[in-house]
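This is query29.tsv. It holds TSV, C-alpha atoms.
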chain	number	residue	atom	x	y	z
T	1	MET	CA	0.00	0.00	0.00
T	2	LYS	CA	2.91	2.35	-0.66
T	3	LEU	CA	2.17	5.53	-2.55
T	4	ASN	CA	3.80	5.38	-5.98
T	5	THR	CA	2.98	8.29	-8.26
T	6	ALA	CA	5.22	7.17	-11.14
T	7	ALA	CA	2.30	6.24	-13.40
T	8	MET	CA	0.32	9.39	-12.70
T	9	ARG	CA	1.79	11.46	-15.52
T	10	TYR	CA	1.04	8.78	-18.10
T	11	LEU	CA	-2.67	8.39	-17.34
T	12	SER	CA	-5.13	10.07	-19.67
T	13	ASN	CA	-8.51	11.59	-18.86
T	14	ASP	CA	-10.11	8.41	-20.19
T	15	ASP	CA	-8.00	6.33	-17.80
T	16	PHE	CA	-9.19	8.39	-14.86
T	17	ARG	CA	-12.74	8.20	-16.14
T	18	VAL	CA	-12.55	4.40	-16.09
T	19	LEU	CA	-10.88	4.46	-12.66
T	20	THR	CA	-13.69	6.67	-11.37
T	21	ALA	CA	-16.23	4.32	-12.93
T	22	THR	CA	-14.66	1.42	-11.02
T	23	GLU	CA	-14.90	3.42	-7.83
T	24	MET	CA	-18.55	4.26	-8.45
T	25	GLY	CA	-19.33	0.65	-9.26
T	26	SER	CA	-17.70	-0.40	-5.99
T	27	LYS	CA	-20.60	1.17	-4.12
T	28	ASN	CA	-22.65	-1.96	-4.69
T	29	HIS	CA	-20.08	-4.46	-5.95
T	30	GLU	CA	-16.89	-5.70	-4.34
T	31	ILE	CA	-15.90	-6.94	-7.79
T	32	VAL	CA	-17.22	-4.49	-10.37
T	33	PRO	CA	-18.40	-6.20	-13.59
T	34	THR	CA	-16.52	-5.06	-16.67
T	35	THR	CA	-19.83	-4.35	-18.39
T	36	LEU	CA	-20.78	-1.99	-15.56
T	37	ILE	CA	-17.44	-0.18	-15.80
T	38	VAL	CA	-18.04	0.34	-19.52
T	39	GLN	CA	-21.55	1.62	-18.83
T	40	ILE	CA	-20.55	4.06	-16.08
T	41	ALA	CA	-17.44	5.34	-17.88
T	42	GLY	CA	-19.56	6.31	-20.87
T	43	LEU	CA	-16.65	6.53	-23.29
T	44	ARG	CA	-17.64	7.03	-26.89
T	45	GLY	CA	-17.70	3.72	-28.71
T	46	GLY	CA	-16.71	1.82	-25.57
T	47	ALA	CA	-13.78	0.16	-27.34
T	48	GLY	CA	-11.23	2.27	-25.49
T	49	VAL	CA	-12.35	1.02	-22.08
T	50	GLY	CA	-10.47	-2.24	-22.55
T	51	ASN	CA	-7.20	-0.38	-23.17
T	52	CYS	CA	-7.81	1.84	-20.15
T	53	ILE	CA	-8.50	-1.17	-17.95
T	54	SER	CA	-5.29	-2.77	-19.17
T	55	GLU	CA	-3.25	0.36	-18.33
T	56	LEU	CA	-4.85	0.70	-14.91
T	57	ALA	CA	-4.25	-2.97	-14.11
T	58	LYS	CA	-0.58	-2.68	-15.13
T	59	ALA	CA	-0.19	0.20	-12.67
T	60	ASN	CA	-1.95	-1.86	-9.95
T	61	LEU	CA	-4.71	0.73	-9.64
T	62	ILE	CA	-7.36	-1.92	-10.22
T	63	ALA	CA	-7.06	-5.68	-9.88
T	64	ARG	CA	-8.81	-8.55	-11.53
T	65	VAL	CA	-9.97	-11.06	-8.94
T	66	LYS	CA	-9.18	-14.68	-9.66
T	67	ASN	CA	-11.97	-17.24	-9.67
T	68	ALA	CA	-14.60	-14.55	-9.93
T	69	LYS	CA	-17.99	-15.75	-11.12
T	70	TYR	CA	-17.94	-13.03	-13.72
T	71	ASP	CA	-15.38	-10.82	-15.44
T	72	GLY	CA	-14.69	-7.87	-13.17
T	73	TYR	CA	-12.23	-5.73	-11.24
T	74	ARG	CA	-11.86	-4.20	-7.80
T	75	LEU	CA	-10.38	-0.84	-6.89
T	76	THR	CA	-7.04	-1.11	-5.06
T	77	TYR	CA	-5.67	1.25	-2.41
T	78	GLY	CA	-3.27	2.50	-5.11
T	79	GLY	CA	-6.20	3.45	-7.32
T	80	TYR	CA	-7.89	5.11	-4.37
T	81	ASP	CA	-4.70	7.11	-3.74
T	82	TYR	CA	-4.63	8.28	-7.33
T	83	LEU	CA	-8.26	9.40	-7.26
T	84	ALA	CA	-7.69	11.42	-4.07
T	85	ILE	CA	-4.51	13.05	-5.38
T	86	LYS	CA	-6.18	13.91	-8.67
T	87	ALA	CA	-9.00	15.58	-6.75
T	88	PHE	CA	-6.41	17.67	-4.87
T	89	SER	CA	-4.71	18.52	-8.14
T	90	ASN	CA	-8.00	19.59	-9.71
T	91	ARG	CA	-8.59	21.87	-6.72
T	92	ARG	CA	-4.99	23.16	-6.93
T	93	THR	CA	-4.11	22.12	-3.38
T	94	VAL	CA	-1.47	19.64	-4.54
T	95	TYR	CA	0.90	20.13	-7.46
T	96	SER	CA	3.78	17.82	-6.51
T	97	VAL	CA	4.44	14.96	-4.11
T	98	GLY	CA	7.75	14.74	-2.27
T	99	ASN	CA	9.37	12.54	0.35
T	100	GLN	CA	7.66	10.30	2.82
T	101	ILE	CA	8.33	11.82	6.24
T	102	GLY	CA	6.40	9.46	8.46
T	103	VAL	CA	4.73	6.08	8.62
T	104	GLY	CA	2.14	5.02	11.12
T	105	LYS	CA	0.19	1.97	12.07
T	106	GLU	CA	-2.81	3.52	10.37
T	107	SER	CA	-1.38	6.16	8.01
T	108	ASP	CA	1.41	7.32	5.70
T	109	ILE	CA	2.74	10.89	5.77
T	110	PHE	CA	4.25	12.77	2.79
T	111	VAL	CA	5.45	16.27	2.01
T	112	VAL	CA	3.55	17.86	-0.88
T	113	ALA	CA	3.53	21.31	-2.44
T	114	ASN	CA	0.97	23.45	-4.25
T	115	GLU	CA	1.52	25.47	-7.42
T	116	LYS	CA	2.93	28.37	-5.41
T	117	GLY	CA	5.54	26.13	-3.81
T	118	ARG	CA	4.00	26.09	-0.33
T	119	LYS	CA	4.96	22.85	1.41
T	120	CYS	CA	2.20	20.97	3.19
T	121	VAL	CA	1.59	17.52	4.63
T	122	LEU	CA	-0.38	14.76	2.93
T	123	LYS	CA	-1.75	12.21	5.39
T	124	ILE	CA	-3.10	9.00	3.84
T	125	HIS	CA	-5.22	6.90	6.17
T	126	ARG	CA	-4.54	3.15	5.87
T	127	LEU	CA	-7.02	1.47	8.18
T	128	GLY	CA	-6.86	-2.28	7.90
T	129	ARG	CA	-3.13	-2.42	7.32
T	130	ILE	CA	-2.23	-3.49	10.85
T	131	SER	CA	-4.29	-2.06	13.68
T	132	PHE	CA	-7.71	-3.25	12.59
T	133	ARG	CA	-6.73	-6.48	10.94
T	134	SER	CA	-8.09	-8.66	13.74
T	135	VAL	CA	-11.36	-6.72	13.81
T	136	LYS	CA	-12.40	-8.06	10.40
T	137	ASN	CA	-13.75	-11.34	11.71
T	138	ASN	CA	-15.76	-9.64	14.43
T	139	ARG	CA	-17.52	-6.97	12.41
T	140	ASP	CA	-20.74	-8.35	11.00
T	141	TYR	CA	-21.63	-5.30	8.93
T	142	LEU	CA	-18.46	-5.77	6.87
T	143	ARG	CA	-19.67	-9.20	5.75
T	144	ASN	CA	-17.56	-10.29	2.78
T	145	ARG	CA	-16.69	-6.85	1.49
T	146	GLN	CA	-13.64	-6.34	3.60
T	147	SER	CA	-11.33	-4.57	1.14
T	148	ALA	CA	-13.96	-2.01	0.24
T	149	SER	CA	-14.82	-1.63	3.92
T	150	TRP	CA	-11.28	-0.68	4.87
T	151	MET	CA	-11.36	2.05	2.24
T	152	TYR	CA	-14.71	3.18	3.63
T	153	LEU	CA	-13.41	3.26	7.22
T	154	SER	CA	-10.26	5.05	6.05
T	155	ARG	CA	-12.48	7.63	4.40
T	156	LEU	CA	-14.46	8.06	7.62
T	157	ALA	CA	-11.21	8.45	9.57
T	158	ALA	CA	-10.01	11.19	7.21
T	159	GLN	CA	-13.36	12.97	7.24
T	160	LYS	CA	-13.58	12.81	11.02
T	161	GLU	CA	-10.01	13.99	11.54
T	162	PHE	CA	-10.44	16.88	9.11
T	163	ALA	CA	-13.68	17.96	10.82
T	164	PHE	CA	-12.12	17.89	14.30
T	165	MET	CA	-8.94	19.61	13.13
T	166	LYS	CA	-10.93	22.36	11.43
T	167	ALA	CA	-13.08	22.96	14.52
T	168	LEU	CA	-10.04	23.02	16.83
T	169	TYR	CA	-8.00	25.26	14.52
T	170	GLU	CA	-10.87	27.76	14.26
T	171	ASN	CA	-11.13	27.81	18.06
T	172	GLY	CA	-7.47	28.64	18.61
T	173	PHE	CA	-6.06	25.23	19.52
T	174	SER	CA	-2.46	24.36	18.66
T	175	VAL	CA	-3.16	22.03	15.73
T	176	PRO	CA	-2.05	22.04	12.08
T	177	GLU	CA	-4.03	24.17	9.66
T	178	PRO	CA	-6.47	21.89	7.79
T	179	ILE	CA	-6.34	22.71	4.08
T	180	ASP	CA	-8.26	20.06	2.12
T	181	TYR	CA	-9.40	16.45	2.20
T	182	SER	CA	-10.59	13.88	-0.32
T	183	ARG	CA	-11.56	10.29	0.36
T	184	HIS	CA	-8.98	8.85	2.78
T	185	CYS	CA	-6.47	11.72	2.46
T	186	ILE	CA	-5.95	15.03	4.27
T	187	ILE	CA	-3.82	18.04	3.38
T	188	MET	CA	-2.60	20.09	6.35
T	189	SER	CA	0.11	22.62	7.08
T	190	LEU	CA	3.69	21.42	7.56
T	191	ILE	CA	4.86	21.94	11.12
T	192	PRO	CA	8.51	23.07	11.61
T	193	GLY	CA	9.36	20.82	14.53
T	194	PHE	CA	9.97	17.26	15.70
T	195	PRO	CA	7.97	14.59	17.58
T	196	MET	CA	8.15	14.92	21.36
T	197	ARG	CA	9.38	11.33	21.56
T	198	GLN	CA	12.77	12.61	20.33
T	199	LEU	CA	13.01	14.97	23.29
T	200	SER	CA	15.74	13.87	25.72
T	201	SER	CA	16.00	17.08	27.73
T	202	HIS	CA	14.19	20.39	28.13
T	203	GLU	CA	15.22	23.68	29.70
T	204	ASP	CA	11.87	24.00	31.50
T	205	PRO	CA	10.04	20.65	31.70
T	206	SER	CA	7.64	22.04	34.32
T	207	ALA	CA	6.32	24.67	31.90
T	208	LEU	CA	5.97	22.17	29.05
T	209	TYR	CA	4.23	19.67	31.34
T	210	SER	CA	1.82	22.32	32.55
T	211	SER	CA	1.02	23.43	28.98
T	212	LEU	CA	0.29	19.87	27.88
T	213	MET	CA	-2.00	19.21	30.84
T	214	SER	CA	-3.76	22.51	30.19
T	215	PHE	CA	-4.33	21.42	26.58
T	216	ILE	CA	-6.00	18.18	27.75
T	217	VAL	CA	-8.28	20.10	30.11
T	218	ARG	CA	-9.10	22.82	27.61
T	219	LEU	CA	-9.93	20.20	24.99
T	220	ALA	CA	-12.25	18.46	27.45
T	221	ASN	CA	-13.88	21.76	28.35
T	222	HIS	CA	-14.72	22.12	24.66
T	223	GLY	CA	-16.34	18.69	24.67
T	224	LEU	CA	-13.56	16.45	23.30
T	225	ILE	CA	-10.99	13.92	24.47
T	226	HIS	CA	-8.04	13.18	22.21
T	227	CYS	CA	-7.73	9.48	23.23
T	228	ASP	CA	-4.17	9.17	21.87
T	229	PHE	CA	-2.40	12.09	23.51
T	230	ASN	CA	1.21	10.94	23.74
T	231	GLU	CA	4.76	11.74	22.65
T	232	PHE	CA	4.16	10.44	19.12
T	233	ASN	CA	1.29	12.84	18.44
T	234	ILE	CA	2.83	16.00	19.88
T	235	ILE	CA	5.19	18.10	17.73
T	236	ILE	CA	7.66	20.32	19.58
T	237	LEU	CA	8.13	23.53	17.61
T	238	ASP	CA	11.61	24.49	16.46
T	239	GLU	CA	10.82	28.11	17.34
T	240	PRO	CA	8.22	28.29	20.13
T	241	LYS	CA	6.00	31.35	19.94
T	242	SER	CA	5.61	31.54	23.72
T	243	GLU	CA	5.74	29.40	26.84
T	244	ASP	CA	2.17	28.27	26.16
T	245	GLU	CA	2.78	27.67	22.45
T	246	GLN	CA	5.67	25.22	22.42
T	247	PHE	CA	3.92	22.38	20.62
T	248	VAL	CA	1.32	21.35	18.06
T	249	VAL	CA	-0.97	18.34	18.52
T	250	ILE	CA	-1.76	15.97	15.63
T	251	ASP	CA	-3.82	12.83	14.91
T	252	PHE	CA	-7.50	13.27	15.74
T	253	PRO	CA	-9.56	10.47	14.12
T	254	GLN	CA	-10.03	8.69	17.46
T	255	CYS	CA	-11.37	11.75	19.35
T	256	VAL	CA	-14.50	11.15	21.40
T	257	SER	CA	-17.01	13.33	23.21
T	258	ILE	CA	-16.79	13.90	26.96
T	259	ASP	CA	-20.25	12.32	27.02
T	260	HIS	CA	-18.81	9.04	25.73
T	261	VAL	CA	-19.38	6.10	28.08
T	262	ASP	CA	-15.60	5.65	28.50
T	263	ALA	CA	-14.70	9.35	28.49
T	264	GLU	CA	-13.21	9.34	32.00
T	265	ARG	CA	-11.00	6.36	31.21
T	266	TYR	CA	-9.72	7.91	27.97
T	267	PHE	CA	-9.10	11.23	29.73
T	268	LYS	CA	-7.05	9.49	32.44
T	269	ARG	CA	-5.12	7.53	29.84
T	270	ASP	CA	-4.12	10.75	28.03
T	271	VAL	CA	-2.98	12.26	31.32
T	272	ASP	CA	-1.06	9.12	32.30
T	273	CYS	CA	0.73	9.00	28.93
T	274	ILE	CA	2.16	12.48	29.50
T	275	ARG	CA	3.09	11.79	33.13
T	276	ARG	CA	4.83	8.55	32.15
T	277	PHE	CA	6.81	10.20	29.35
T	278	PHE	CA	8.02	13.05	31.55
T	279	GLU	CA	9.07	10.67	34.30
T	280	LYS	CA	10.93	8.25	32.00
T	281	LYS	CA	12.50	10.62	29.46
T	282	LEU	CA	12.90	13.90	31.34
T	283	GLY	CA	13.06	12.72	34.93
T	284	TYR	CA	10.25	15.09	35.87
T	285	VAL	CA	7.54	13.95	38.30
T	286	SER	CA	4.58	16.03	39.39
T	287	ASP	CA	1.67	15.27	41.68
T	288	ASP	CA	-0.29	18.03	40.00
T	289	TYR	CA	-2.39	16.57	37.20
T	290	PRO	CA	-5.98	16.97	35.96
T	291	ILE	CA	-8.82	14.69	37.04
T	292	PHE	CA	-11.82	14.24	34.79
T	293	GLN	CA	-14.57	14.68	37.37
T	294	ARG	CA	-12.90	17.72	38.90
T	295	ASP	CA	-11.46	19.56	35.90
T	296	ALA	CA	-13.54	18.67	32.84
T	297	LYS	CA	-16.24	21.34	32.82
T	298	ARG	CA	-17.99	21.89	29.50
T	299	VAL	CA	-17.80	25.47	28.24
T	300	ALA	CA	-18.30	24.68	24.55
T	301	SER	CA	-19.65	21.83	22.41
T	302	LEU	CA	-17.22	21.13	19.60
T	303	ASP	CA	-18.24	17.46	19.75
T	304	ILE	CA	-21.81	18.42	18.88
T	305	ASP	CA	-20.74	21.06	16.36
T	306	VAL	CA	-18.54	18.61	14.43
T	307	GLN	CA	-21.30	16.03	14.22
T	308	ALA	CA	-23.70	18.71	12.99
T	309	SER	CA	-21.20	19.72	10.28
T	310	GLY	CA	-21.79	16.50	8.34
T	311	PHE	CA	-20.28	13.58	10.21
T	312	SER	CA	-23.56	11.68	10.58
T	313	LYS	CA	-24.66	9.57	13.54
T	314	LYS	CA	-24.39	6.42	11.46
T	315	MET	CA	-20.82	7.27	10.44
T	316	VAL	CA	-19.90	7.98	14.07
T	317	LYS	CA	-21.44	4.68	15.16
T	318	GLU	CA	-19.64	2.62	12.51
T	319	PHE	CA	-16.27	4.25	13.02
T	320	GLU	CA	-16.37	4.17	16.81
T	321	LYS	CA	-17.41	0.52	16.68
T	322	ALA	CA	-14.25	-0.28	14.72
T	323	ILE	CA	-12.12	1.82	17.07
T	324	SER	CA	-13.59	0.29	20.24
T	325	GLU	CA	-13.16	-3.26	18.97
T	326	SER	CA	-9.53	-2.52	18.19
T	327	ARG	CA	-8.97	-1.11	21.68
T	328	GLU	CA	-10.63	-4.11	23.31
T	329	LYS	CA	-8.07	-6.32	21.62
T	330	GLY	CA	-5.22	-4.24	23.04
T	331	GLU	CA	-4.29	-2.77	19.68
T	332	ASP	CA	-4.74	0.86	20.60
T	333	SER	CA	-1.01	1.57	20.62
T	334	THR	CA	0.01	4.85	19.11
T	335	ASP	CA	0.03	5.65	15.46
T	336	HIS	CA	3.68	6.58	15.16
T	337	GLU	CA	3.72	9.56	12.87
T	338	GLU	CA	6.45	12.05	12.31
T	339	ILE	CA	5.65	15.47	10.93
T	340	GLY	CA	8.44	17.97	10.75
T	341	GLU	CA	10.47	20.18	8.49
T	342	HIS	CA	12.02	17.98	5.82
T	343	ASN	CA	13.49	18.54	2.41
T	344	SER	CA	11.10	17.34	-0.25
T	345	ASP	CA	12.23	16.13	-3.64
T	346	GLU	CA	9.06	17.14	-5.35
T	347	GLU	CA	7.88	14.79	-7.97
T	348	ASP	CA	4.93	14.63	-10.20
T	349	GLU	CA	1.61	16.28	-10.53
T	350	GLU	CA	-1.48	14.26	-9.72
T	351	GLU	CA	-5.28	14.31	-9.90
T	352	GLY	CA	-8.45	12.28	-8.91
T	353	GLY	CA	-12.16	11.10	-8.54
T	354	GLU	CA	-14.08	9.80	-5.42
T	355	GLU	CA	-14.95	6.87	-3.23
T	356	ASP	CA	-17.12	3.95	-2.85
T	357	ASP	CA	-18.88	2.98	0.26
T	358	GLU	CA	-20.25	-0.14	1.45
T	359	GLU	CA	-23.69	-0.70	2.82
T	360	ASP	CA	-26.50	1.33	1.26
T	361	ASP	CA	-27.23	4.20	3.58
T	362	GLU	CA	-30.90	4.97	3.22
T	363	GLY	CA	-30.76	8.36	1.69
T	364	GLU	CA	-27.36	9.33	3.04
T	365	ASN	CA	-24.72	10.42	0.57
T	366	GLU	CA	-21.62	9.37	2.51
T	367	GLU	CA	-20.73	6.66	0.05
T	368	GLY	CA	-21.39	8.44	-3.19
T	369	VAL	CA	-18.98	9.96	-5.64
T	370	ASP	CA	-18.24	13.67	-5.80
T	371	ARG	CA	-19.18	14.61	-9.29
T	372	ASP	CA	-16.79	17.58	-9.15
T	373	ASP	CA	-13.92	15.10	-8.97
T	374	GLU	CA	-14.80	13.21	-12.11
T	375	PRO	CA	-12.39	13.57	-15.04
T	376	GLU	CA	-13.38	15.97	-17.72
T	377	GLU	CA	-14.34	14.64	-21.08

Could you write out this structure as structure tokens?
Amino acid sequence: MKLNTAAMRYLSNDDFRVLTATEMGSKNHEIVPTTLIVQIAGLRGGAGVGNCISELAKANLIARVKNAKYDGYRLTYGGYDYLAIKAFSNRRTVYSVGNQIGVGKESDIFVVANEKGRKCVLKIHRLGRISFRSVKNNRDYLRNRQSASWMYLSRLAAQKEFAFMKALYENGFSVPEPIDYSRHCIIMSLIPGFPMRQLSSHEDPSALYSSLMSFIVRLANHGLIHCDFNEFNIIILDEPKSEDEQFVVIDFPQCVSIDHVDAERYFKRDVDCIRRFFEKKLGYVSDDYPIFQRDAKRVASLDIDVQASGFSKKMVKEFEKAISESREKGEDSTDHEEIGEHNSDEEDEEEGGEEDDEEDDEGENEEGVDRDDEPEE
């Protein structure tokens, strides 16, 4: 599931049209019949679809499934990557893709740049790669459509993270600037810093500790708990703006409301992660730390606002079910991402279409295809 943009420059509009058709057909088919791809693509004459399918298969953007009862193809994660990047390219948020600067249990991180040369971060969610692998057999709503389901859950993770990041950024929290998202990918600002896990000493650990604990409490007071607040998801700034602005927090797809049934446990776990890191790495121990029942006092409702912004109740239920099952199996270890200032050897331009879903969602559009992302004729 590595991002490889080498074939991007050689794909035509017709190729992307056929790739988009495969994605659209995946809404109701794990293996999309070739006849349906031809029908959805709507290419004049239809003869060129076979050549497009051949090119896409060579680039591993679609795959023919062996022993299928009919002739058909499924969309691969590589094809899904291409569709998302093409969508960014069409919207002029991504012009070139550079180095990979981080890899996580559930995501890949790259440096990208827009047409003006501004460097940003591309985060590609990869649910199903490791952390949720054992959940497959326990999730009845996935049934036999597991590959499509991982793409669907990855899309939900990206949509949820973007929504939370946008709400937090607009409310003055120290988080990256959210720029754009498509399918399972997010574009955010590049943070000039390094993961806190690389910190071996600090001139004022007390001040940093206090700022981090204040962040946890302030987040809870706005209705949210990070649920993965640790040294891997905190970026220490190269040039701190002030004592209270020494860091930026990343990775939000697992955020929950303070009204969640396990909110107190997740809050305590976030606090304990910071206390443990400071004791082990910096030799700093403090008996002053926040307690959920005492310190979490709602002053705002970002949890409710984010849900109202388009992340539907059904999407929340499905995603949190996957997250909770993963945690129950002890697989809630951190998603080790690194976002910092890196040199990027910018490569090629890219562009895209949209996603499939999985179960029909009675009137909801979460699994449909953004028509604005379809290739032009």

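Separating atom CA of T:Leu302 from atom CA of T:Leu224 is a distance of 7.0 Å.
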
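Coordinates place atom CA of T:Met151 at a distance of 18.8 Å from atom CA of T:Thr5.
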
Between atom CA of T:Gly50 and atom CA of T:Ala6, distance in Å (one decimal):
21.6 Å

Please provide as a short mmCIF file (atom, residue, chain, number, x, y, z; two decimals) with C-alpha atoms, in the coordinates of the input all residues within 9 Å of T:Phe162, with the sequence filter that same-chain residues fewer than 2 positions apart are discarded (counting all atoms listed in the file).
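What landed in part_28.cif:
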data_model
loop_
_atom_site.label_atom_id
_atom_site.label_comp_id
_atom_site.auth_asym_id
_atom_site.auth_seq_id
_atom_site.Cartn_x
_atom_site.Cartn_y
_atom_site.Cartn_z
CA ALA T 157 -11.21 8.45 9.57
CA ALA T 158 -10.01 11.19 7.21
CA GLN T 159 -13.36 12.97 7.24
CA LYS T 160 -13.58 12.81 11.02
CA PHE T 164 -12.12 17.89 14.30
CA MET T 165 -8.94 19.61 13.13
CA LYS T 166 -10.93 22.36 11.43
CA ALA T 167 -13.08 22.96 14.52
CA PRO T 178 -6.47 21.89 7.79
CA ILE T 179 -6.34 22.71 4.08
CA ASP T 180 -8.26 20.06 2.12
CA TYR T 181 -9.40 16.45 2.20
CA ILE T 186 -5.95 15.03 4.27
CA ILE T 187 -3.82 18.04 3.38
CA MET T 188 -2.60 20.09 6.35
CA PHE T 252 -7.50 13.27 15.74
CA PRO T 253 -9.56 10.47 14.12
#

For T:Met24, which residue among T:Gln39, T:Ser89, T:Ser12, T:Ser149 is the nearest when counting all atoms listed in the file?
T:Gln39

Tell me which protein, DNA and RNA residues are within 8 Å of T:Asp251, counting only C-alpha atoms, leaving out same-chain ones fewer than 3 positions away, and put them as a ChimeraX atom specification.
/T:161,228,233,254

With C-alpha atoms kept, could you save the residues just selected as an mmCIF file, in the frame of the given file?
data_model
loop_
_atom_site.group_PDB
_atom_site.id
_atom_site.type_symbol
_atom_site.label_atom_id
_atom_site.label_comp_id
_atom_site.auth_asym_id
_atom_site.auth_seq_id
_atom_site.Cartn_x
_atom_site.Cartn_y
_atom_site.Cartn_z
ATOM 1 C CA GLU T 161 -10.010 13.990 11.540
ATOM 2 C CA ASP T 228 -4.170 9.170 21.870
ATOM 3 C CA ASN T 233 1.290 12.840 18.440
ATOM 4 C CA GLN T 254 -10.030 8.690 17.460
#

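Of the residues under consideration (T:Gly79, T:Gly172, T:Gly117, T:Gly223), T:Gly79 shows the shortest atom-to-atom contact distance to T:Ala7 when counting only C-alpha atoms.
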
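Within the 10 Å cut-off around stretch 296-300 of chain T, using all atoms listed in the file and omitting residues fewer than 4 positions from it on the same chain, the listed residues are Ile216, Val217, Arg218, Leu219, Ala220, Asn221, His222, Gly223, Leu224, Ile225, Ile258, Glu264, Phe267, Pro290, Ile291, Phe292, Ile304 and Asp305 of chain T.
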
Serialized selection, C-alpha atoms, as a compact mmCIF listing (two decimals), in the coordinates of the input:
# COMPACT_ATOMS: atom_id res chain seq x y z
CA ILE T 216 -6.00 18.18 27.75
CA VAL T 217 -8.28 20.10 30.11
CA ARG T 218 -9.10 22.82 27.61
CA LEU T 219 -9.93 20.20 24.99
CA ALA T 220 -12.25 18.46 27.45
CA ASN T 221 -13.88 21.76 28.35
CA HIS T 222 -14.72 22.12 24.66
CA GLY T 223 -16.34 18.69 24.67
CA LEU T 224 -13.56 16.45 23.30
CA ILE T 225 -10.99 13.92 24.47
CA ILE T 258 -16.79 13.90 26.96
CA GLU T 264 -13.21 9.34 32.00
CA PHE T 267 -9.10 11.23 29.73
CA PRO T 290 -5.98 16.97 35.96
CA ILE T 291 -8.82 14.69 37.04
CA PHE T 292 -11.82 14.24 34.79
CA ILE T 304 -21.81 18.42 18.88
CA ASP T 305 -20.74 21.06 16.36

Measuring atom to atom with only C-alpha atoms, identify which of T:Asp272, T:Glu243, T:Asp15, T:Glu231 is nearest to T:Val285.
T:Asp272

Could N, CA, C and O atoms be built for stretch 272-283 of chain T and written out as an mmCIF file, in the frame of the given file?
data_model
loop_
_atom_site.group_PDB
_atom_site.id
_atom_site.type_symbol
_atom_site.label_atom_id
_atom_site.label_comp_id
_atom_site.auth_asym_id
_atom_site.auth_seq_id
_atom_site.Cartn_x
_atom_site.Cartn_y
_atom_site.Cartn_z
ATOM 1 N N ASP T 272 -2.099 10.066 31.881
ATOM 2 C CA ASP T 272 -1.060 9.120 32.300
ATOM 3 C C ASP T 272 0.052 8.986 31.269
ATOM 4 O O ASP T 272 1.227 8.789 31.637
ATOM 5 N N CYS T 273 -0.292 9.079 29.981
ATOM 6 C CA CYS T 273 0.730 9.000 28.930
ATOM 7 C C CYS T 273 1.749 10.127 29.072
ATOM 8 O O CYS T 273 2.962 9.909 28.945
ATOM 9 N N ILE T 274 1.268 11.333 29.353
ATOM 10 C CA ILE T 274 2.160 12.480 29.500
ATOM 11 C C ILE T 274 2.986 12.337 30.787
ATOM 12 O O ILE T 274 4.213 12.560 30.779
ATOM 13 N N ARG T 275 2.361 11.952 31.862
ATOM 14 C CA ARG T 275 3.090 11.790 33.130
ATOM 15 C C ARG T 275 4.193 10.731 32.991
ATOM 16 O O ARG T 275 5.322 10.923 33.459
ATOM 17 N N ARG T 276 3.857 9.633 32.316
ATOM 18 C CA ARG T 276 4.830 8.550 32.150
ATOM 19 C C ARG T 276 6.007 8.987 31.297
ATOM 20 O O ARG T 276 7.164 8.670 31.601
ATOM 21 N N PHE T 277 5.723 9.726 30.218
ATOM 22 C CA PHE T 277 6.810 10.200 29.350
ATOM 23 C C PHE T 277 7.740 11.134 30.104
ATOM 24 O O PHE T 277 8.973 11.014 30.010
ATOM 25 N N PHE T 278 7.180 12.078 30.845
ATOM 26 C CA PHE T 278 8.020 13.050 31.550
ATOM 27 C C PHE T 278 8.858 12.376 32.637
ATOM 28 O O PHE T 278 9.998 12.774 32.877
ATOM 29 N N GLU T 279 8.304 11.359 33.266
ATOM 30 C CA GLU T 279 9.070 10.670 34.300
ATOM 31 C C GLU T 279 10.202 9.849 33.695
ATOM 32 O O GLU T 279 11.346 9.885 34.184
ATOM 33 N N LYS T 280 9.925 9.136 32.589
ATOM 34 C CA LYS T 280 10.930 8.250 32.000
ATOM 35 C C LYS T 280 11.989 8.989 31.199
ATOM 36 O O LYS T 280 13.177 8.691 31.291
ATOM 37 N N LYS T 281 11.565 9.964 30.376
ATOM 38 C CA LYS T 281 12.500 10.620 29.460
ATOM 39 C C LYS T 281 13.133 11.872 30.043
ATOM 40 O O LYS T 281 14.280 12.197 29.734
ATOM 41 N N LEU T 282 12.392 12.619 30.858
ATOM 42 C CA LEU T 282 12.900 13.900 31.340
ATOM 43 C C LEU T 282 13.157 13.901 32.843
ATOM 44 O O LEU T 282 13.632 14.911 33.392
ATOM 45 N N GLY T 283 12.819 12.793 33.499
ATOM 46 C CA GLY T 283 13.060 12.720 34.930
ATOM 47 C C GLY T 283 12.236 13.699 35.732
ATOM 48 O O GLY T 283 12.621 14.091 36.848
#
